[in-house]
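Below is one structure; the comments refer to it alone.
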Amino acid sequence: MKGIGSQVDLRSRLAGVMPALDVEMALPLIAEIQQLKRERNAVVLAHNYQTPDIFHGVADIVGDSLALARRAIDVDADVVVMCGVHFMAETAKLLNPSRTVLIPDARAGCSLAESITAADVRELRAKHPGVPVVAYVNTSAAVKAEVDVCCTSGNAVEVVESLGVPKVIFLPDRYLGEHVASQTGVELILWDGACEVHERFTGAEVRAFRQQREGIYVLAHPECPQDVLAEADFVGSTAAMIDAVAQARPPEVVMITECSMSDNVAVEFPEVRFTRPCNLCPHMKRITLQGVRDCLRDLSGEVRVDAAVAARARQSVERMLAVGRRRAA
Ligand code: 13P
Ligand code: SF4
């Protein structure tokens, strides 16, 4: 959904979603980063929650967690810069271990990834012997190493059903787990983790949007609580939300998810009016143009995963990707 054009092009694309002064300050940095990318033979991957200057200005590949994992495999540049949170950079390193993977700010964490440890997974297994474990990719490599298979918000139902068993341990997001449970006959044992951004939305807030703006199309991320999802017209991953807007082309939409998402999508669909509920992910927002420039210039922020952990964690991610490939075949 994106393409890097000239600076004139970029200025006008960013103008609708960023203050003019910020755009002028961003343009020289963007040019510097593009030059550094060439010098370092580097590729920039960016999640849909990155700010528009990064998303539209410097990213070569953008997407949801699933797309970023899939695309990380074939990157043949020497350096991969992950503009996203730490688990996304770790996943890229797991899938393409010979590349140098950099994250512009190593503190960019995730409340879900922080809610569970490898020891917690071992305890769950001991409590529920023989029950397979599915982990959302929003987990550390150490947790991925302990589970059977990973999933993202884009394929969670499919992954759970692919196991062909009546009961599955699903972690760490209880809201995503509740949503998946509502879509399948498989019984899910849930962990009590939550996304600090999405759990703040309420069904009452969505009803208020509907009252204020008649006919508004409501899209919600499945990390939101059930009462929010019950009010939505569409529930899906960040990439699925973009596809839904592209297909439905509603006159007005509200995306119940992180703030930058609406800005990034609004650049592509200027005819659609976006009402922006603003819950910001403080972790995603640690990534800035300056940080991207510095890590490329200094080759700093390298992501490393212990080899033994990486070997097991990679299997969990690869099993997830194989589920999608089996369906495509
Ligand atoms: P997506 O995989 O839907 O992009 O979600 C990732 C995420 O962190 C949502 O909060
Ligand atoms: Fe984690 Fe939530 Fe931020 Fe996504 S939005 S990275 S799930 S804290």
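Labeling convention for the structure tokens: chains A, B, ... as they appear, residues from 1 per chain, ligands from 1 in order of appearance.
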
Spatial neighbours of A:Ala141, max dist 12 Å, only C-alpha atoms, sep filter under 3 positions, as a PDB file with N, CA and C atoms, in the first residue's frame:
ATOM      1  N   HIS A  86      10.259  -4.814  20.128  1.00  0.00           N
ATOM      2  CA  HIS A  86      11.388  -5.737  20.209  1.00  0.00           C
ATOM      3  C   HIS A  86      11.058  -7.147  19.718  1.00  0.00           C
ATOM      4  N   PHE A  87       9.836  -7.648  20.051  1.00  0.00           N
ATOM      5  CA  PHE A  87       9.540  -9.020  19.617  1.00  0.00           C
ATOM      6  C   PHE A  87       9.534  -9.125  18.091  1.00  0.00           C
ATOM      7  N   MET A  88       9.190  -8.038  17.409  1.00  0.00           N
ATOM      8  CA  MET A  88       9.170  -8.059  15.936  1.00  0.00           C
ATOM      9  C   MET A  88      10.606  -8.159  15.398  1.00  0.00           C
ATOM     10  N   ALA A  89      11.528  -7.440  16.044  1.00  0.00           N
ATOM     11  CA  ALA A  89      12.927  -7.508  15.623  1.00  0.00           C
ATOM     12  C   ALA A  89      13.496  -8.888  15.902  1.00  0.00           C
ATOM     13  N   GLU A  90      13.127  -9.459  17.046  1.00  0.00           N
ATOM     14  CA  GLU A  90      13.592 -10.815  17.371  1.00  0.00           C
ATOM     15  C   GLU A  90      13.068 -11.818  16.351  1.00  0.00           C
ATOM     16  N   THR A  91      11.805 -11.664  15.970  1.00  0.00           N
ATOM     17  CA  THR A  91      11.220 -12.595  14.995  1.00  0.00           C
ATOM     18  C   THR A  91      11.962 -12.498  13.665  1.00  0.00           C
ATOM     19  N   ALA A  92      12.299 -11.272  13.252  1.00  0.00           N
ATOM     20  CA  ALA A  92      13.054 -11.101  11.999  1.00  0.00           C
ATOM     21  C   ALA A  92      14.412 -11.791  12.113  1.00  0.00           C
ATOM     22  N   LYS A  93      15.049 -11.676  13.275  1.00  0.00           N
ATOM     23  CA  LYS A  93      16.366 -12.300  13.472  1.00  0.00           C
ATOM     24  C   LYS A  93      16.236 -13.826  13.450  1.00  0.00           C
ATOM     25  N   LEU A  94      15.163 -14.339  14.079  1.00  0.00           N
ATOM     26  CA  LEU A  94      14.953 -15.799  14.083  1.00  0.00           C
ATOM     27  C   LEU A  94      14.826 -16.332  12.664  1.00  0.00           C
ATOM     28  N   LEU A  95      14.106 -15.566  11.836  1.00  0.00           N
ATOM     29  CA  LEU A  95      13.782 -16.059  10.497  1.00  0.00           C
ATOM     30  C   LEU A  95      14.886 -15.788   9.483  1.00  0.00           C
ATOM     31  N   ALA A 113       4.151  -9.039  25.650  1.00  0.00           N
ATOM     32  CA  ALA A 113       5.386  -9.828  25.722  1.00  0.00           C
ATOM     33  C   ALA A 113       5.911  -9.847  27.160  1.00  0.00           C
ATOM     34  N   GLU A 114       5.677  -8.741  27.875  1.00  0.00           N
ATOM     35  CA  GLU A 114       6.199  -8.671  29.244  1.00  0.00           C
ATOM     36  C   GLU A 114       5.326  -9.408  30.260  1.00  0.00           C
ATOM     37  N   ILE A 116       4.444 -12.515  30.327  1.00  0.00           N
ATOM     38  CA  ILE A 116       4.667 -13.964  30.497  1.00  0.00           C
ATOM     39  C   ILE A 116       6.139 -14.321  30.265  1.00  0.00           C
ATOM     40  N   THR A 117       6.606 -15.300  31.053  1.00  0.00           N
ATOM     41  CA  THR A 117       8.006 -15.744  30.913  1.00  0.00           C
ATOM     42  C   THR A 117       8.036 -17.210  30.470  1.00  0.00           C
ATOM     43  N   ALA A 118       9.233 -17.647  30.114  1.00  0.00           N
ATOM     44  CA  ALA A 118       9.411 -19.052  29.722  1.00  0.00           C
ATOM     45  C   ALA A 118       9.025 -19.973  30.886  1.00  0.00           C
ATOM     46  N   ALA A 135       1.265 -19.598  21.060  1.00  0.00           N
ATOM     47  CA  ALA A 135       1.657 -18.278  21.579  1.00  0.00           C
ATOM     48  C   ALA A 135       1.496 -17.222  20.494  1.00  0.00           C
ATOM     49  N   TYR A 136       0.847 -16.155  20.886  1.00  0.00           N
ATOM     50  CA  TYR A 136       0.796 -14.957  20.041  1.00  0.00           C
ATOM     51  C   TYR A 136       2.249 -14.529  19.791  1.00  0.00           C
ATOM     52  N   VAL A 137       2.543 -13.995  18.604  1.00  0.00           N
ATOM     53  CA  VAL A 137       3.940 -13.583  18.351  1.00  0.00           C
ATOM     54  C   VAL A 137       4.403 -12.465  19.282  1.00  0.00           C
ATOM     55  N   ASN A 138       3.441 -11.799  19.942  1.00  0.00           N
ATOM     56  CA  ASN A 138       3.804 -10.743  20.902  1.00  0.00           C
ATOM     57  C   ASN A 138       4.357 -11.384  22.173  1.00  0.00           C
ATOM     58  N   LYS A 144       8.690 -18.138  23.006  1.00  0.00           N
ATOM     59  CA  LYS A 144       8.426 -18.870  21.745  1.00  0.00           C
ATOM     60  C   LYS A 144       9.124 -20.230  21.764  1.00  0.00           C
ATOM     61  N   ALA A 145      10.297 -20.272  22.409  1.00  0.00           N
ATOM     62  CA  ALA A 145      11.063 -21.525  22.446  1.00  0.00           C
ATOM     63  C   ALA A 145      10.344 -22.607  23.239  1.00  0.00           C
ATOM     64  N   GLU A 146       9.405 -22.221  24.110  1.00  0.00           N
ATOM     65  CA  GLU A 146       8.721 -23.192  24.979  1.00  0.00           C
ATOM     66  C   GLU A 146       7.385 -23.657  24.414  1.00  0.00           C
ATOM     67  N   VAL A 147       6.937 -23.072  23.308  1.00  0.00           N
ATOM     68  CA  VAL A 147       5.571 -23.358  22.855  1.00  0.00           C
ATOM     69  C   VAL A 147       5.583 -24.252  21.610  1.00  0.00           C
ATOM     70  N   CYS A 150       3.387 -20.555  17.003  1.00  0.00           N
ATOM     71  CA  CYS A 150       3.008 -19.153  17.207  1.00  0.00           C
ATOM     72  C   CYS A 150       1.791 -18.817  16.343  1.00  0.00           C
ATOM     73  N   VAL A 303      20.146  -6.787  17.390  1.00  0.00           N
ATOM     74  CA  VAL A 303      19.329  -7.761  18.120  1.00  0.00           C
ATOM     75  C   VAL A 303      19.993  -9.123  17.996  1.00  0.00           C
ATOM     76  N   ARG A 304      20.263  -9.730  19.159  1.00  0.00           N
ATOM     77  CA  ARG A 304      20.877 -11.063  19.161  1.00  0.00           C
ATOM     78  C   ARG A 304      19.995 -11.999  19.967  1.00  0.00           C
ATOM     79  N   VAL A 305      19.913 -13.236  19.525  1.00  0.00           N
ATOM     80  CA  VAL A 305      19.133 -14.227  20.274  1.00  0.00           C
ATOM     81  C   VAL A 305      20.050 -15.420  20.529  1.00  0.00           C
ATOM     82  N   ASP A 306      20.085 -15.883  21.763  1.00  0.00           N
ATOM     83  CA  ASP A 306      20.889 -17.038  22.131  1.00  0.00           C
ATOM     84  C   ASP A 306      20.605 -18.191  21.146  1.00  0.00           C
ATOM     85  N   ALA A 307      21.676 -18.851  20.671  1.00  0.00           N
ATOM     86  CA  ALA A 307      21.514 -19.822  19.579  1.00  0.00           C
ATOM     87  C   ALA A 307      20.562 -20.962  19.940  1.00  0.00           C
ATOM     88  N   ALA A 308      20.668 -21.468  21.168  1.00  0.00           N
ATOM     89  CA  ALA A 308      19.815 -22.611  21.559  1.00  0.00           C
ATOM     90  C   ALA A 308      18.346 -22.180  21.636  1.00  0.00           C
ATOM     91  N   VAL A 309      18.119 -20.990  22.184  1.00  0.00           N
ATOM     92  CA  VAL A 309      16.743 -20.462  22.264  1.00  0.00           C
ATOM     93  C   VAL A 309      16.228 -20.227  20.850  1.00  0.00           C
ATOM     94  N   ALA A 310      17.082 -19.622  20.017  1.00  0.00           N
ATOM     95  CA  ALA A 310      16.664 -19.268  18.654  1.00  0.00           C
ATOM     96  C   ALA A 310      16.228 -20.506  17.867  1.00  0.00           C
ATOM     97  N   ALA A 311      16.962 -21.601  18.015  1.00  0.00           N
ATOM     98  CA  ALA A 311      16.642 -22.801  17.226  1.00  0.00           C
ATOM     99  C   ALA A 311      15.220 -23.280  17.552  1.00  0.00           C
ATOM    100  N   ARG A 312      14.865 -23.271  18.854  1.00  0.00           N
ATOM    101  CA  ARG A 312      13.528 -23.750  19.247  1.00  0.00           C
ATOM    102  C   ARG A 312      12.448 -22.718  18.922  1.00  0.00           C
ATOM    103  N   ALA A 313      12.767 -21.454  19.146  1.00  0.00           N
ATOM    104  CA  ALA A 313      11.779 -20.401  18.873  1.00  0.00           C
ATOM    105  C   ALA A 313      11.461 -20.350  17.374  1.00  0.00           C
ATOM    106  N   ARG A 314      12.506 -20.531  16.559  1.00  0.00           N
ATOM    107  CA  ARG A 314      12.314 -20.486  15.096  1.00  0.00           C
ATOM    108  C   ARG A 314      11.310 -21.543  14.658  1.00  0.00           C
ATOM    109  N   GLN A 315      11.408 -22.735  15.274  1.00  0.00           N
ATOM    110  CA  GLN A 315      10.471 -23.819  14.906  1.00  0.00           C
ATOM    111  C   GLN A 315       9.026 -23.387  15.136  1.00  0.00           C
ATOM    112  N   SER A 316       8.783 -22.707  16.261  1.00  0.00           N
ATOM    113  CA  SER A 316       7.407 -22.283  16.573  1.00  0.00           C
ATOM    114  C   SER A 316       6.902 -21.279  15.540  1.00  0.00           C
ATOM    115  N   VAL A 317       7.791 -20.376  15.116  1.00  0.00           N
ATOM    116  CA  VAL A 317       7.372 -19.380  14.112  1.00  0.00           C
ATOM    117  C   VAL A 317       7.217 -20.060  12.750  1.00  0.00           C
TER     118      VAL A 317
END

Hey, which bits of chain A sit within 10 Å of ligand 2, and for each residue what's the closest pair of atoms and how far apart in Å (one decimal), counting only C-alpha atoms and all ligand atoms, rows by chain and increasing number, as CSV?
residue,atom,partner,partner_atom_place_in_ligand_line,distance
A:His47,CA,ligand 2,6 (S),9.4
A:Tyr49,CA,ligand 2,5 (S),7.8
A:Ser65,CA,ligand 2,4 (Fe),9.4
A:Gly84,CA,ligand 2,6 (S),7.6
A:Val85,CA,ligand 2,6 (S),5.9
A:His86,CA,ligand 2,6 (S),8.6
A:Phe87,CA,ligand 2,6 (S),8.6
A:Met88,CA,ligand 2,6 (S),9.0
A:Ala108,CA,ligand 2,6 (S),8.2
A:Gly109,CA,ligand 2,6 (S),6.9
A:Cys110,CA,ligand 2,1 (Fe),3.7
A:Ser111,CA,ligand 2,8 (S),4.7
A:Leu112,CA,ligand 2,1 (Fe),5.6
A:Ala113,CA,ligand 2,1 (Fe),7.1
A:Glu114,CA,ligand 2,1 (Fe),9.0
A:Tyr136,CA,ligand 2,7 (S),9.8
A:Val137,CA,ligand 2,7 (S),9.6
A:Asn138,CA,ligand 2,7 (S),6.5
A:Thr139,CA,ligand 2,1 (Fe),9.3
A:Asp173,CA,ligand 2,7 (S),8.6
A:Gly193,CA,ligand 2,7 (S),10.0
A:Ala194,CA,ligand 2,7 (S),7.6
A:Cys195,CA,ligand 2,2 (Fe),4.1
A:Glu196,CA,ligand 2,8 (S),5.4
A:Val197,CA,ligand 2,2 (Fe),5.0
A:His198,CA,ligand 2,2 (Fe),6.4
A:Glu199,CA,ligand 2,2 (Fe),8.6
A:His221,CA,ligand 2,5 (S),9.8
A:Glu223,CA,ligand 2,7 (S),7.3
A:Cys224,CA,ligand 2,2 (Fe),9.7
A:Thr257,CA,ligand 2,5 (S),7.7
A:Glu258,CA,ligand 2,5 (S),6.2
A:Cys259,CA,ligand 2,5 (S),9.6
A:Asn279,CA,ligand 2,5 (S),8.8
A:Leu280,CA,ligand 2,5 (S),7.6
A:Cys281,CA,ligand 2,3 (Fe),4.6
A:Pro282,CA,ligand 2,3 (Fe),6.9
A:His283,CA,ligand 2,3 (Fe),5.8
A:Met284,CA,ligand 2,3 (Fe),6.1
A:Lys285,CA,ligand 2,3 (Fe),9.0

Enumerate residues in contact with ligand 1: an atom-to-atom distance of at most 6 Å, counting only C-alpha atoms and all ligand atoms. Format the result as a compact mmCIF listing (two decimals) with all heavy atoms, in the first residue's frame.
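Output file selection24.txt is given in full below:
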# COMPACT_ATOMS: atom_id res chain seq x y z
N ASP A 64 1.46 -5.80 8.97
CA ASP A 64 1.13 -6.28 10.32
C ASP A 64 2.23 -7.26 10.74
O ASP A 64 3.18 -7.52 9.98
CB ASP A 64 -0.28 -6.89 10.35
CG ASP A 64 -0.43 -8.14 9.50
OD1 ASP A 64 0.52 -8.52 8.79
OD2 ASP A 64 -1.52 -8.76 9.53
N SER A 65 2.08 -7.84 11.92
CA SER A 65 3.13 -8.74 12.44
C SER A 65 3.35 -9.92 11.50
O SER A 65 4.48 -10.38 11.32
CB SER A 65 2.75 -9.29 13.81
OG SER A 65 2.38 -8.28 14.66
N LEU A 66 2.25 -10.43 10.95
CA LEU A 66 2.36 -11.61 10.08
C LEU A 66 3.13 -11.26 8.80
O LEU A 66 4.06 -11.97 8.40
CB LEU A 66 0.96 -12.13 9.75
CG LEU A 66 0.89 -13.40 8.92
CD1 LEU A 66 1.63 -14.55 9.60
CD2 LEU A 66 -0.57 -13.82 8.68
N THR A 152 -0.47 -14.98 14.91
CA THR A 152 -0.63 -13.53 14.98
C THR A 152 -2.13 -13.26 15.02
O THR A 152 -2.95 -14.19 14.91
CB THR A 152 -0.03 -12.80 13.75
OG1 THR A 152 -0.88 -13.07 12.63
CG2 THR A 152 1.38 -13.25 13.43
N SER A 153 -2.49 -11.97 15.09
CA SER A 153 -3.92 -11.66 15.09
C SER A 153 -4.52 -11.99 13.72
O SER A 153 -5.73 -12.14 13.59
CB SER A 153 -4.14 -10.19 15.42
OG SER A 153 -3.47 -9.39 14.48
N SER A 237 -6.80 -8.05 12.07
CA SER A 237 -5.44 -7.56 12.30
C SER A 237 -5.30 -6.18 11.65
O SER A 237 -6.18 -5.74 10.88
CB SER A 237 -4.43 -8.52 11.66
OG SER A 237 -4.44 -8.34 10.26
N THR A 238 -4.20 -5.51 11.89
CA THR A 238 -4.02 -4.18 11.31
C THR A 238 -4.04 -4.26 9.78
O THR A 238 -4.63 -3.39 9.13
CB THR A 238 -2.71 -3.54 11.81
OG1 THR A 238 -1.61 -4.40 11.52
CG2 THR A 238 -2.77 -3.27 13.30

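Scanning stretch 23-112 of chain A with DSSP on the backbone, the strand (DSSP E) assignments fall on A:Ala42, A:Val43, A:Val44, A:Leu45, A:Ala46, A:His47, A:Ile61, A:Val62, A:Gly63, A:Val79, A:Val80, A:Val81, A:Met82, A:Cys83, A:Thr100, A:Val101, A:Leu102.
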
Residues as selected, N, CA, C and O atoms, written as an mmCIF file, in the first residue's frame, can you do that?
data_model
loop_
_atom_site.group_PDB
_atom_site.id
_atom_site.type_symbol
_atom_site.label_atom_id
_atom_site.label_comp_id
_atom_site.auth_asym_id
_atom_site.auth_seq_id
_atom_site.Cartn_x
_atom_site.Cartn_y
_atom_site.Cartn_z
ATOM 1 N N ALA A 42 20.909 -1.695 3.384
ATOM 2 C CA ALA A 42 19.942 -1.965 4.455
ATOM 3 C C ALA A 42 18.502 -1.856 3.957
ATOM 4 O O ALA A 42 18.219 -1.140 2.988
ATOM 5 N N VAL A 43 17.638 -2.591 4.637
ATOM 6 C CA VAL A 43 16.204 -2.542 4.343
ATOM 7 C C VAL A 43 15.480 -2.176 5.640
ATOM 8 O O VAL A 43 15.852 -2.664 6.709
ATOM 9 N N VAL A 44 14.479 -1.311 5.525
ATOM 10 C CA VAL A 44 13.715 -0.907 6.706
ATOM 11 C C VAL A 44 12.332 -1.549 6.660
ATOM 12 O O VAL A 44 11.590 -1.387 5.685
ATOM 13 N N LEU A 45 12.016 -2.302 7.713
ATOM 14 C CA LEU A 45 10.676 -2.882 7.869
ATOM 15 C C LEU A 45 9.926 -2.034 8.896
ATOM 16 O O LEU A 45 10.528 -1.656 9.918
ATOM 17 N N ALA A 46 8.666 -1.738 8.653
ATOM 18 C CA ALA A 46 7.931 -0.918 9.622
ATOM 19 C C ALA A 46 6.531 -1.471 9.861
ATOM 20 O O ALA A 46 5.813 -1.826 8.913
ATOM 21 N N HIS A 47 6.178 -1.520 11.132
ATOM 22 C CA HIS A 47 4.822 -1.961 11.488
ATOM 23 C C HIS A 47 3.827 -0.839 11.193
ATOM 24 O O HIS A 47 4.177 0.340 11.166
ATOM 25 N N ILE A 61 9.336 -1.990 3.540
ATOM 26 C CA ILE A 61 8.305 -3.016 3.702
ATOM 27 C C ILE A 61 7.465 -2.618 4.909
ATOM 28 O O ILE A 61 8.022 -2.331 5.979
ATOM 29 N N VAL A 62 6.156 -2.583 4.734
ATOM 30 C CA VAL A 62 5.285 -2.251 5.866
ATOM 31 C C VAL A 62 4.256 -3.372 6.022
ATOM 32 O O VAL A 62 4.010 -4.129 5.081
ATOM 33 N N GLY A 63 3.661 -3.463 7.203
ATOM 34 C CA GLY A 63 2.616 -4.461 7.365
ATOM 35 C C GLY A 63 2.291 -4.763 8.801
ATOM 36 O O GLY A 63 2.774 -4.096 9.720
ATOM 37 N N VAL A 79 21.661 -5.565 6.169
ATOM 38 C CA VAL A 79 21.143 -5.017 7.432
ATOM 39 C C VAL A 79 19.627 -4.877 7.341
ATOM 40 O O VAL A 79 19.094 -4.419 6.327
ATOM 41 N N VAL A 80 18.956 -5.290 8.405
ATOM 42 C CA VAL A 80 17.501 -5.114 8.497
ATOM 43 C C VAL A 80 17.242 -4.199 9.688
ATOM 44 O O VAL A 80 17.681 -4.502 10.808
ATOM 45 N N VAL A 81 16.554 -3.091 9.456
ATOM 46 C CA VAL A 81 16.169 -2.216 10.570
ATOM 47 C C VAL A 81 14.689 -2.453 10.838
ATOM 48 O O VAL A 81 13.863 -2.303 9.936
ATOM 49 N N MET A 82 14.362 -2.863 12.079
ATOM 50 C CA MET A 82 12.956 -3.094 12.411
ATOM 51 C C MET A 82 12.394 -1.874 13.126
ATOM 52 O O MET A 82 12.772 -1.555 14.250
ATOM 53 N N CYS A 83 11.495 -1.181 12.441
ATOM 54 C CA CYS A 83 10.763 -0.091 13.081
ATOM 55 C C CYS A 83 9.473 -0.697 13.615
ATOM 56 O O CYS A 83 8.469 -0.813 12.906
ATOM 57 N N THR A 100 22.195 -8.772 9.836
ATOM 58 C CA THR A 100 22.324 -7.938 11.030
ATOM 59 C C THR A 100 20.977 -7.254 11.226
ATOM 60 O O THR A 100 20.550 -6.477 10.364
ATOM 61 N N VAL A 101 20.303 -7.559 12.335
ATOM 62 C CA VAL A 101 18.992 -6.943 12.593
ATOM 63 C C VAL A 101 19.170 -5.865 13.660
ATOM 64 O O VAL A 101 19.714 -6.125 14.735
ATOM 65 N N LEU A 102 18.723 -4.664 13.334
ATOM 66 C CA LEU A 102 18.860 -3.533 14.261
ATOM 67 C C LEU A 102 17.487 -3.050 14.679
ATOM 68 O O LEU A 102 16.551 -3.050 13.877
#

- Can you tell me, as a list of chain:residue names, what residues are no more than 7 Å from A:Ile189 when counting only C-alpha atoms, ignoring any on the same chain fewer than 5 positions away?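 Here the answer would be A:Val168, A:Ile169, A:Phe170.
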